[in-house]
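Here is the file coords.txt (compact mmCIF, C-alpha atoms).
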```txt
# COMPACT_ATOMS: atom_id res chain seq x y z
CA MET A 1 118.60 60.84 100.70
CA ALA A 2 115.65 62.99 101.74
CA ASP A 3 116.92 65.71 99.41
CA ARG A 4 116.89 63.42 96.34
CA PHE A 5 113.79 62.92 94.19
CA LEU A 6 113.03 61.05 91.01
CA ILE A 7 110.08 62.50 89.09
CA ALA A 8 109.01 59.67 86.81
CA GLY A 9 107.08 60.10 83.56
CA CYS A 10 106.79 63.89 83.42
CA GLU A 11 106.48 66.08 80.32
CA VAL A 12 109.35 68.50 79.65
CA GLU A 13 109.25 70.59 76.45
CA GLY A 14 107.00 68.06 74.73
CA ARG A 15 108.99 64.97 75.73
CA ARG A 16 108.07 62.39 78.37
CA VAL A 17 111.10 61.89 80.60
CA ASP A 18 112.29 61.06 84.10
CA VAL A 19 113.98 63.86 86.08
CA ARG A 20 116.30 63.39 89.06
CA LEU A 21 116.63 66.24 91.58
CA ALA A 22 119.51 66.28 94.04
CA GLU A 23 120.38 68.99 96.56
CA GLY A 24 118.02 71.47 94.96
CA ARG A 25 119.30 71.00 91.40
CA VAL A 26 118.38 68.96 88.34
CA ALA A 27 120.90 66.10 88.37
CA ALA A 28 119.71 64.08 85.38
CA VAL A 29 117.08 64.05 82.62
CA ALA A 30 116.52 60.91 80.53
CA PRO A 31 113.71 58.86 78.93
CA SER A 32 114.09 56.40 81.79
CA LEU A 33 116.03 56.55 85.08
CA ALA A 34 116.31 53.77 87.67
CA ALA A 35 115.43 54.76 91.22
CA GLN A 36 118.38 54.82 93.59
CA PRO A 37 118.27 53.39 97.13
CA GLY A 38 116.41 55.73 99.47
CA GLU A 39 115.35 58.03 96.66
CA ARG A 40 111.80 59.34 96.78
CA VAL A 41 109.91 58.57 93.57
CA VAL A 42 107.05 60.82 92.43
CA ALA A 43 104.90 59.50 89.58
CA ALA A 44 103.94 62.41 87.31
CA HIS A 45 101.64 60.37 85.03
CA GLY A 46 102.55 62.55 82.06
CA GLY A 47 101.95 65.86 83.81
CA ALA A 48 104.05 68.87 82.83
CA LEU A 49 107.06 69.65 85.01
CA LEU A 50 107.34 73.42 85.44
CA PRO A 51 109.60 75.76 87.41
CA GLY A 52 108.10 76.92 90.69
CA LEU A 53 105.52 79.70 90.31
CA HIS A 54 105.78 83.13 91.95
CA ASP A 55 102.78 85.03 93.34
CA HIS A 56 103.69 88.68 92.81
CA HIS A 57 101.17 90.27 95.17
CA LEU A 58 99.67 88.86 98.33
CA HIS A 59 99.58 89.54 102.07
CA LEU A 60 100.62 86.37 103.89
CA TYR A 61 99.56 87.15 107.45
CA ALA A 62 96.34 88.90 106.41
CA LEU A 63 95.42 85.95 104.19
CA ALA A 64 96.16 83.44 106.95
CA ALA A 65 94.13 85.50 109.44
CA ALA A 66 91.23 85.72 106.98
CA ARG A 67 91.17 81.93 106.75
CA ALA A 68 90.57 81.84 110.50
CA SER A 69 87.84 84.50 110.36
CA VAL A 70 84.14 84.49 109.59
CA ASP A 71 82.85 85.96 106.30
CA CYS A 72 80.67 88.97 107.05
CA GLY A 73 79.86 90.39 103.64
CA PRO A 74 78.29 89.52 100.28
CA PRO A 75 77.76 87.00 98.86
CA GLU A 76 77.94 84.96 102.09
CA VAL A 77 76.16 87.57 104.24
CA CYS A 78 73.71 90.04 102.70
CA ASP A 79 71.60 91.50 105.53
CA ALA A 80 71.64 92.29 109.25
CA ARG A 81 69.97 89.02 110.19
CA GLY A 82 72.57 87.04 108.28
CA LEU A 83 75.37 89.04 109.91
CA GLY A 84 73.99 88.32 113.36
CA GLU A 85 73.77 84.62 112.57
CA ALA A 86 77.32 84.57 111.20
CA LEU A 87 78.75 86.31 114.26
CA ALA A 88 76.73 84.13 116.66
CA ALA A 89 78.09 80.96 115.04
CA ALA A 90 81.66 82.21 114.72
CA PRO A 91 84.33 80.45 116.78
CA VAL A 92 86.17 82.38 119.46
CA ARG A 93 89.94 82.37 118.84
CA ASP A 94 92.41 83.96 121.25
CA GLY A 95 89.46 85.48 123.08
CA TRP A 96 87.99 87.22 120.00
CA VAL A 97 85.52 86.76 117.19
CA ARG A 98 87.14 88.10 114.02
CA GLY A 99 85.08 88.94 110.94
CA THR A 100 86.12 90.14 107.49
CA GLY A 101 84.59 91.41 104.27
CA TYR A 102 81.94 93.69 105.75
CA ASP A 103 80.09 96.10 103.46
CA GLU A 104 77.56 98.77 104.42
CA SER A 105 74.99 97.17 102.13
CA VAL A 106 74.64 94.45 104.80
CA ALA A 107 73.61 96.49 107.86
CA GLY A 108 74.70 100.10 107.31
CA PRO A 109 77.59 101.90 109.04
CA LEU A 110 78.46 99.89 112.18
CA ASP A 111 79.95 101.00 115.48
CA SER A 112 80.27 99.46 118.95
CA GLU A 113 76.57 99.90 119.72
CA GLY A 114 75.53 98.30 116.44
CA LEU A 115 77.88 95.34 116.93
CA ASP A 116 76.68 94.87 120.53
CA ALA A 117 73.20 94.29 119.17
CA LEU A 118 74.59 91.45 117.05
CA ARG A 119 77.00 89.85 119.53
CA ALA A 120 77.97 91.25 122.91
CA ASP A 121 79.19 88.26 124.95
CA VAL A 122 82.79 88.30 123.64
CA PRO A 123 85.08 90.89 122.04
CA VAL A 124 84.32 91.23 118.32
CA ARG A 125 86.38 92.97 115.66
CA LEU A 126 85.06 93.29 112.14
CA GLN A 127 87.06 94.42 109.12
CA HIS A 128 85.54 96.37 106.27
CA ARG A 129 86.10 94.80 102.85
CA THR A 130 88.30 97.77 101.84
CA GLY A 131 90.73 96.80 104.60
CA ALA A 132 90.86 100.42 105.77
CA LEU A 133 88.32 100.22 108.62
CA TRP A 134 87.96 98.03 111.72
CA MET A 135 84.83 98.07 113.88
CA VAL A 136 84.79 96.63 117.41
CA ASN A 137 82.00 96.04 119.90
CA SER A 138 82.02 97.38 123.46
CA LEU A 139 83.96 94.42 124.89
CA GLY A 140 86.42 94.78 122.04
CA ARG A 141 86.79 98.48 122.75
CA GLU A 142 87.44 97.65 126.40
CA ALA A 143 89.96 94.90 125.54
CA LEU A 144 91.89 97.28 123.27
CA GLY A 145 91.80 100.16 125.76
CA LEU A 146 90.17 102.47 123.26
CA ASP A 147 88.83 104.70 126.03
CA ASP A 148 92.38 105.55 127.16
CA ALA A 149 93.55 109.05 126.30
CA GLU A 150 96.77 107.58 124.85
CA ALA A 151 94.83 105.37 122.45
CA ARG A 152 92.63 108.26 121.35
CA ASP A 153 95.71 110.39 120.65
CA VAL A 154 97.47 107.66 118.65
CA LEU A 155 94.35 106.84 116.63
CA ALA A 156 93.38 110.44 115.94
CA GLY A 157 93.04 111.10 112.24
CA PRO A 158 90.60 111.53 109.36
CA GLY A 159 87.53 109.38 109.95
CA ALA A 160 88.82 107.77 113.14
CA ASP A 161 86.31 107.50 115.99
CA PRO A 162 87.75 105.14 118.65
CA ALA A 163 85.09 106.18 121.18
CA ARG A 164 82.54 104.50 118.87
CA GLY A 165 84.83 101.56 118.07
CA ARG A 166 85.67 102.65 114.50
CA LEU A 167 89.39 102.46 113.66
CA PHE A 168 90.79 103.71 110.34
CA ARG A 169 94.19 102.58 109.02
CA ALA A 170 94.96 101.10 112.43
CA ASP A 171 96.38 97.70 111.45
CA ALA A 172 99.86 98.38 112.86
CA TRP A 173 98.38 99.71 116.11
CA LEU A 174 96.10 96.69 116.42
CA ARG A 175 99.03 94.32 115.92
CA ARG A 176 100.88 95.99 118.78
CA ARG A 177 97.83 95.83 121.06
CA LEU A 178 97.24 92.18 120.16
CA GLU A 179 100.94 91.26 120.22
CA SER A 180 100.41 88.57 122.87
CA GLN A 181 98.42 86.57 120.32
CA GLY A 182 101.44 86.40 118.00
CA PRO A 183 101.25 86.41 114.19
CA PRO A 184 98.84 84.02 112.45
CA ASP A 185 100.16 80.54 111.72
CA LEU A 186 101.20 80.24 108.08
CA THR A 187 101.44 76.43 107.93
CA GLU A 188 98.10 75.64 106.27
CA LEU A 189 98.26 78.57 103.86
CA SER A 190 101.84 77.79 102.85
CA ARG A 191 101.00 74.19 102.03
CA GLU A 192 98.00 75.26 100.00
CA LEU A 193 100.25 77.59 97.98
CA ALA A 194 102.79 74.79 97.52
CA ALA A 195 100.07 72.46 96.24
CA LEU A 196 99.36 75.06 93.56
CA GLY A 197 103.02 75.04 92.53
CA ILE A 198 103.81 78.39 94.17
CA THR A 199 107.33 78.27 95.60
CA SER A 200 107.96 82.00 96.10
CA VAL A 201 105.83 85.06 96.83
CA THR A 202 105.98 88.84 97.14
CA ASP A 203 104.30 90.14 100.29
CA ALA A 204 103.04 93.60 99.31
CA GLY A 205 102.07 95.07 102.68
CA ALA A 206 102.75 98.81 102.90
CA ASP A 207 103.35 98.54 106.66
CA ASN A 208 105.73 95.58 106.51
CA ASP A 209 108.83 96.44 108.53
CA ARG A 210 111.98 94.80 109.86
CA SER A 211 110.00 92.91 112.51
CA THR A 212 107.81 91.45 109.73
CA CYS A 213 110.96 90.13 108.03
CA GLU A 214 112.12 88.63 111.32
CA GLN A 215 108.76 86.89 111.80
CA LEU A 216 108.93 85.47 108.27
CA VAL A 217 112.50 84.26 108.82
CA ARG A 218 111.35 82.42 111.94
CA ALA A 219 108.39 80.92 110.04
CA ARG A 220 110.78 79.67 107.35
CA ALA A 221 113.19 78.25 109.92
CA SER A 222 110.39 76.39 111.74
CA GLY A 223 109.07 74.86 108.51
CA ALA A 224 105.72 76.64 108.79
CA LEU A 225 106.51 78.71 105.67
CA LEU A 226 107.83 76.77 102.67
CA GLN A 227 108.00 79.63 100.16
CA THR A 228 110.79 82.16 99.79
CA VAL A 229 109.50 85.70 100.24
CA ARG A 230 110.27 89.11 98.77
CA VAL A 231 109.00 91.69 101.24
CA MET A 232 107.71 95.09 100.15
CA GLY A 233 107.30 97.55 102.99
CA ASP A 234 108.24 100.73 104.79
CA GLU A 235 111.46 102.71 105.05
CA THR A 236 112.93 100.46 107.79
CA LEU A 237 113.46 97.69 105.24
CA SER A 238 116.19 99.80 103.65
CA GLU A 239 118.43 98.65 106.53
CA ALA A 240 117.34 95.00 106.41
CA ARG A 241 119.30 92.20 104.75
CA ALA A 242 118.27 88.98 103.02
CA VAL A 243 118.19 86.13 105.54
CA GLY A 244 116.92 82.57 105.27
CA GLY A 245 114.97 83.00 102.05
CA VAL A 246 113.39 86.32 103.10
CA VAL A 247 114.51 89.23 100.89
CA PRO A 248 113.68 92.92 101.57
CA GLY A 249 112.14 94.42 98.44
CA GLU A 250 110.49 97.56 97.17
CA ARG A 251 109.36 100.55 99.21
CA LYS A 252 105.56 100.33 99.26
CA ILE A 253 103.79 103.69 99.53
CA LEU A 254 100.07 103.69 100.26
CA LEU A 255 98.29 106.83 99.04
CA ASP A 256 95.37 107.10 101.43
CA ASP A 257 92.68 109.54 100.26
CA ALA A 258 92.07 110.56 103.86
CA ALA A 259 95.72 111.43 104.57
CA LEU A 260 97.57 112.14 101.35
CA PRO A 261 101.22 113.25 101.58
CA THR A 262 102.29 116.48 99.94
CA LEU A 263 103.99 116.15 96.57
CA GLU A 264 107.28 117.10 98.25
CA GLU A 265 106.86 114.38 100.90
CA LEU A 266 106.05 111.77 98.26
CA ALA A 267 109.04 112.76 96.14
CA GLY A 268 111.26 112.63 99.22
CA SER A 269 110.12 109.08 100.01
CA VAL A 270 110.87 108.01 96.44
CA ARG A 271 114.31 109.64 96.49
CA SER A 272 115.13 107.99 99.83
CA ALA A 273 114.14 104.55 98.51
CA HIS A 274 116.16 105.00 95.33
CA ALA A 275 119.19 106.12 97.34
CA ALA A 276 118.96 102.82 99.24
CA GLY A 277 118.84 100.89 95.98
CA ARG A 278 115.15 100.04 96.29
CA GLY A 279 112.35 100.28 93.77
CA VAL A 280 109.06 101.94 94.68
CA ALA A 281 105.52 100.62 94.43
CA ILE A 282 102.70 103.12 94.95
```
Starting from the file, lay out its structure as structure tokens.
Amino acid sequence: MADRFLIAGCEVEGRRVDVRLAEGRVAAVAPSLAAQPGERVVAAHGGALLPGLHDHHLHLYALAAARASVDCGPPEVCDARGLGEALAAAPVRDGWVRGTGYDESVAGPLDSEGLDALRADVPVRLQHRTGALWMVNSLGREALGLDDAEARDVLAGPGADPARGRLFRADAWLRRRLESQGPPDLTELSRELAALGITSVTDAGADNDRSTCEQLVRARASGALLQTVRVMGDETLSEARAVGGVVPGERKILLDDAALPTLEELAGSVRSAHAAGRGVAI
């Protein structure tokens, strides 16, 4: 009877009642219900019983990865000395130190040489608080193969300078280069969301694709991810189908100041999404 619960003494629409749940549905509501054999009883102590909450905009894997990273910006870190101390104390996971939240007010514009002065014994990658820029030290540049002509060609674009370890809008490329590490584990994050009453979420990543949906389906099947997920993302999701509590959602279009589409290109993307029955988020 693991799928049967009795929530005792909860408040529903101003009344204190007991509520029985069976096979995902409300089976009974009454002022008092006797527990059945094997039924799990949860004492609500007068707390309100609400439908599950939905978080309409988050980034599951980025949030989980941030939890395993070191804070490198205000208010935790406010100057170069503090940044050096934070990176020096940071744990090494999967061969890297990963920092987030960096802002130029801490130690100015950083590149591989600047990061080497702060920590040079292991590969380091540091994300700007805008999310648009990654900075890596020399060992990180070597680990990612940034000196390869192929990498330089792929990463070429406004503001990109891979030779100095500065990568703009390169999240998808980084995931491919770091594929052996696998996606971040969602177990701890998912249980934290569940404790807040959040039973479903919308992942709003502009670069979510069919492989992202497949990863989320596997996370749901393994029990690591408890929430159902609506997945915003790129044009490939137009061909995806809802599976295992993971539902392809809106076409997410990121308007990057450094690489804006033409009006015709933007309108074409919107028309294509609408033709596939998808909404658009810009």
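Across A:Gln127, A:Thr228, A:Ser222, A:Gln36, the tightest approach to Ala62 of chain A is made by A:Gln127 when counting all atoms listed in the file.
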Using all atoms listed in the file, find each residue of segment 129-172 of chain A with at least one atom at most 10 Å away from an atom of segment 111-125 of chain A; report its shortest atom-to-atom pair and that distance in Å (one decimal), sort the rows by chain and rising residue number, and return the result as JSON lines.
```
{"residue": "A:Trp134", "atom": "CA", "partner": "A:Arg125", "partner_atom": "CA", "distance": 6.6}
{"residue": "A:Met135", "atom": "CA", "partner": "A:Arg125", "partner_atom": "CA", "distance": 5.6}
{"residue": "A:Val136", "atom": "CA", "partner": "A:Arg125", "partner_atom": "CA", "distance": 4.4}
{"residue": "A:Asn137", "atom": "CA", "partner": "A:Ser112", "partner_atom": "CA", "distance": 3.9}
{"residue": "A:Ser138", "atom": "CA", "partner": "A:Ser112", "partner_atom": "CA", "distance": 5.3}
{"residue": "A:Leu139", "atom": "CA", "partner": "A:Pro123", "partner_atom": "CA", "distance": 4.7}
{"residue": "A:Gly140", "atom": "CA", "partner": "A:Pro123", "partner_atom": "CA", "distance": 4.1}
{"residue": "A:Arg141", "atom": "CA", "partner": "A:Ser112", "partner_atom": "CA", "distance": 7.6}
{"residue": "A:Glu142", "atom": "CA", "partner": "A:Pro123", "partner_atom": "CA", "distance": 8.4}
{"residue": "A:Ala143", "atom": "CA", "partner": "A:Pro123", "partner_atom": "CA", "distance": 7.2}
{"residue": "A:Leu144", "atom": "CA", "partner": "A:Pro123", "partner_atom": "CA", "distance": 9.4}
{"residue": "A:Asp161", "atom": "CA", "partner": "A:Asp111", "partner_atom": "CA", "distance": 9.1}
{"residue": "A:Pro162", "atom": "CA", "partner": "A:Asp111", "partner_atom": "CA", "distance": 9.4}
{"residue": "A:Ala163", "atom": "CA", "partner": "A:Ser112", "partner_atom": "CA", "distance": 8.6}
{"residue": "A:Arg164", "atom": "CA", "partner": "A:Asp111", "partner_atom": "CA", "distance": 5.5}
{"residue": "A:Gly165", "atom": "CA", "partner": "A:Ser112", "partner_atom": "CA", "distance": 5.1}
{"residue": "A:Arg166", "atom": "CA", "partner": "A:Asp111", "partner_atom": "CA", "distance": 6.0}
{"residue": "A:Leu167", "atom": "CA", "partner": "A:Asp111", "partner_atom": "CA", "distance": 9.7}
```
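Distances from A:Glu13, A:Glu214, A:Asp71, A:Glu76 to Leu49 of chain A were compared using all atoms listed in the file, and the smallest one belongs to A:Glu13.
With distances restricted to only C-alpha atoms, A:Pro184 is the closest residue to Ala219 of chain A from A:Val97, A:Pro184, A:Val231, A:Gly9.
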Point to revise | Neighbour list for Ala48 of chain A as a PyMOL selection string, cut-off 7 Å, only C-alpha atoms, skip fewer than 3 positions in-chain | key: chain A and resi 10-12
Quick one: write out the picked residues with C-alpha atoms as a PDB file, keeping the file's coordinate frame?
```pdb
ATOM      1  CA  CYS A  10     106.790  63.890  83.420  1.00  0.00           C
ATOM      2  CA  GLU A  11     106.480  66.080  80.320  1.00  0.00           C
ATOM      3  CA  VAL A  12     109.350  68.500  79.650  1.00  0.00           C
TER       4      VAL A  12
END
```
